[in-house]
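Please read the structure below before turning to the comments.
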Amino acid sequence: MRRVGSGIVLAGMLLAGAMAQQRQQPEIDLQAAIRKENVDGDLNGAIKQYAAIVAKYKSDRAVSAMALVHMADCYQKMGDAESRKIYEQVVKEYADQNEAATLARARLGSERPARASGVITRQIWTGPLVDTQGSVSRDGRYLSFANHQTCDLAVRDLVSGTDRRLTSNPPRSLEYAQESVFSPDARQVAYSWFNKDFRYELRVVEASGNTLASPHTLYSNEDINWIGAYDWSPDGKWIAVQIQRKDRTAQIGLVSPTSGSLRVLKSVEWRGSTKMFFSPDGRYLAFDLPSSEAFDQRDVFVLAVDGSREIPAVLEPANDTVMGWTPDGKHLLFGSDRAGSNSLWAVSFRDGNIQPGPRLIKTEIGNPAAIGVTPSGSLYFGMRTGGNDILVAPIDFSSDKTTAPQTPAVPQFVGDNRNPDCSPDGRFLAYNSFRRGAGGHFNVLVIRSLETGQSRELRPKLLRFSFLSWAPDARSFVVQGTDFKGRQGIYGLDAQNGNVEYVTEGGFPQWSADGKKIYFLRNVQREQIILERDVTSGEERELLRGEERWLRVSPDGRNVVGHSLNQTVLLTVPLAGGTPRELLRVKESERISNLDVAWTPDGRSDVFRKILPNNSRESELWLAPLSGGQPRRIELGVADVGMPAIHPNGKQIAVMIHNPSHEELWVMENFLTTLTASQ
């Protein structure tokens, strides 16, 4: 009886196993076809496999629907209109298969075929959590990214639209993840981690399991301020990194994922490369670097991984940045504004040599942040929307109302303008315009006539600058800035020719009304010091220090306004000495901005920005009388406003409007046919 019973049990087990295998086989066949499409890059072969799956497993509607979606994806990558017919078939005939139908509708809604070329760009992911400092797995299924809400490293399933954390960062921790890259088999992710010692290290964590794994620190060195993981070699032996040391020198190197050893390939200018990509055969590493210390234009280079040679790939008087390699390694992709707008280009690469004559692939690609190219030929990249703009409005401070509808002061480069300041004679509005080029970002100083509306632009030799303050004679500015060697501090800036001169260490500079002094801030540990610098002698004198954050000196030089350390109390104190006096107190859930404060021209009131308790997405301008009168809101009719600059006549106000901004993930497909057609 025991033997008979055992035989029955065994037979039952075999039958159950066979049934389970039968149920699993459609999914196994589907995954094989997906590998054919995304890993092997064989689109025609994948189409045949998807068609066979649909024919063989008609009763399995979930698998059939997904096979049709993937089949349509293949046709879409090839620029074939058959893709749209199949997407429509899925929406119509498989509406009960939610995941497949949702993907098909998304594909139909986001197709953007380019003129004649057949190149297609699709939006993959948009929203507040999008981060494009990660990488896409070789099959195009997953994106590694830094979750800026939890500060964790995470993975997004680009098919299902779900996220999964790879790390578990405690709430309110100061640690966080940044750049990340998948291993070739997508089982691990290497990433940059800002640790509890306030410096970066390189870590790696398992990504293939359903449970959180313990991260492993690959490389950590006290001499390094920052390390970024950029790419993982196809053979899995090296991780391409970029590092910045404490002395502000920068290097490109390779870290072994097994031993954690660092091999430096090249010392570079401190700004380094925007991206780095291994060639498909793993023999070369492509990157871009600034062409000079004076400007942020970039050129593209290729470096042999064994360190034997460096190849200048793209050396042109334009902004050029590396975007990746074609899957066969025969072309290097780069973005460039050489044609007047940011476009995608390719240069031929044969036997370790660059062939002359770059080819234009697609015009007007915006300002993409390259993520990489999959073996199937899909180029993934990030895009940014939103930004800051400047408005000018007539103002009546007696009623705190605008007296006429506000008008845009800056109709050009919408979303990239900030830091307004009115000239002392009231004739001009100066502001910082943040320009985006294919080879990086740079700042332009714009001086706009409030009388004629005409503008002129200056390109100061500064990597970035902010907090403009006009000199009383309107011939120059002082600004907070960083030069192209990384030196931060206060700079003098000529309003006629844009020449700059380093002044001193510090920030948030401000001219005195008589033009003889500059007020500025300097931080020493937890204390903030406000100093006065004599323009003629260069002598500096400490005026005030404390844990409070002192921001702006009054026009008569007698008082300074600031806020408490927790940003809930607006304070003022005489510079000659005395006890800080409270002007107002906001709710515990609100904040007084530590950047957006201005005095009215008569020095009797402060205008400040109050941040509302909604993730800093909404804010208001308020006026607080120095005499201690009732604070009043300034109605401007916008949701998020800051950086007030008041006209000397007290009848106009320029403000910076904060428009909601976020990143988006996009993919470009079928661009390889452009290269094939041009050969």
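Starting from 1 in every chain, residues are counted up; chains themselves are A, B, ... following the order of the structure tokens, and ligands are numbered from 1 as listed.
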
For this session: Write out as number ranges by chain the residues lying within 9 Å of A:Asp306, counting only C-alpha atoms and excluding same-chain residues fewer than 4 positions away.
Result: A: 265, 283-284

For those residues, write N, CA, C and O atoms to a file as a PDB file, in the first residue's frame.
```pdb
ATOM      1  N   LEU A 265      42.756  56.798 -15.538  1.00  0.00           N
ATOM      2  CA  LEU A 265      43.063  56.861 -16.963  1.00  0.00           C
ATOM      3  C   LEU A 265      43.558  58.233 -17.385  1.00  0.00           C
ATOM      4  O   LEU A 265      44.429  58.350 -18.245  1.00  0.00           O
ATOM      5  N   ARG A 283      36.596  48.307 -25.644  1.00  0.00           N
ATOM      6  CA  ARG A 283      37.999  48.711 -25.805  1.00  0.00           C
ATOM      7  C   ARG A 283      38.201  50.211 -25.623  1.00  0.00           C
ATOM      8  O   ARG A 283      39.324  50.653 -25.376  1.00  0.00           O
ATOM      9  N   TYR A 284      37.129  50.993 -25.761  1.00  0.00           N
ATOM     10  CA  TYR A 284      37.275  52.443 -25.731  1.00  0.00           C
ATOM     11  C   TYR A 284      36.245  53.069 -24.789  1.00  0.00           C
ATOM     12  O   TYR A 284      35.182  52.498 -24.515  1.00  0.00           O
TER      13      TYR A 284
END
```

Which residues of stretch 349-460 of chain A come within 12 Å of stretch 143-163 of chain A, and for each one, what is the closest pair of atoms and their distance in Å to one decimal, counting only C-alpha atoms, sorted by chain and residue number, as a tab-separated table?
```
residue	atom	partner	partner_atom	distance
A:Ile371	CA	A:Leu143	CA	9.7
A:Gly372	CA	A:Leu143	CA	11.0
A:Thr374	CA	A:Leu143	CA	12.0
A:Tyr380	CA	A:Leu143	CA	10.0
A:Phe381	CA	A:Leu143	CA	11.2
A:Gly382	CA	A:Leu143	CA	11.6
```

For this session: Write out as an MDAnalysis selection string which residues come within 7 Å of A:Ala33 when counting only C-alpha atoms, dropping same-chain ones fewer than 2 positions away.
Result: chainID A and resid 29:31 35:37 46 49:50

Problem set entry | Polymer residues at most 7 Å from stretch 92-103 of chain A, only C-alpha atoms, same-chain spacing of 2 or more positions, as a ChimeraX atom specification | /A:62,65-66,69,88-90,105-107,160

Exercise. Near A:Lys330, counting only C-alpha atoms, which residues have an atom at most 10 Å away, once you skip same-chain residues fewer than 6 positions from it, shown as a list in words?
Worked result: Ser279, Pro280, Ala346, Val347, Ser348, Phe349, Arg350, Asp351, Gly352 and Ile354 of chain A

Exercise. Taking into account only C-alpha atoms, which residue in the set A:Thr321, A:Asn499, A:Ser376, A:Asn559 is nearest to A:Asn44?
Worked result: A:Ser376

For this session: Work out how far atom CA of A:Phe334 is from atom CA of A:Val119, in Å to one decimal.
Result: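 Distance reported for this atom pair: 16.1 Å.
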
Problem set entry | Counting only C-alpha atoms, the residue of A:Thr121, A:Asn417, A:Ser214, A:Gln251 that sits nearest A:Lys266 | A:Gln251

For this session: From the DSSP assignment of the backbone, select every residue of stretch 371-491 of chain A that is strand (DSSP E), and format the answer as an NGL selection string.
Result: :A and (371-373 or 379-396 or 401-402 or 407-408 or 417-422 or 428-437 or 440-449 or 455-458 or 464-470 or 476-482 or 488-491)

Problem set entry | Contacts of A:Ala645 at 10 Å (only C-alpha atoms; same-chain gap of 2+ positions) as number ranges by chain | A: 392, 419-423, 429, 596-600, 607, 642-643, 647-648, 652-656
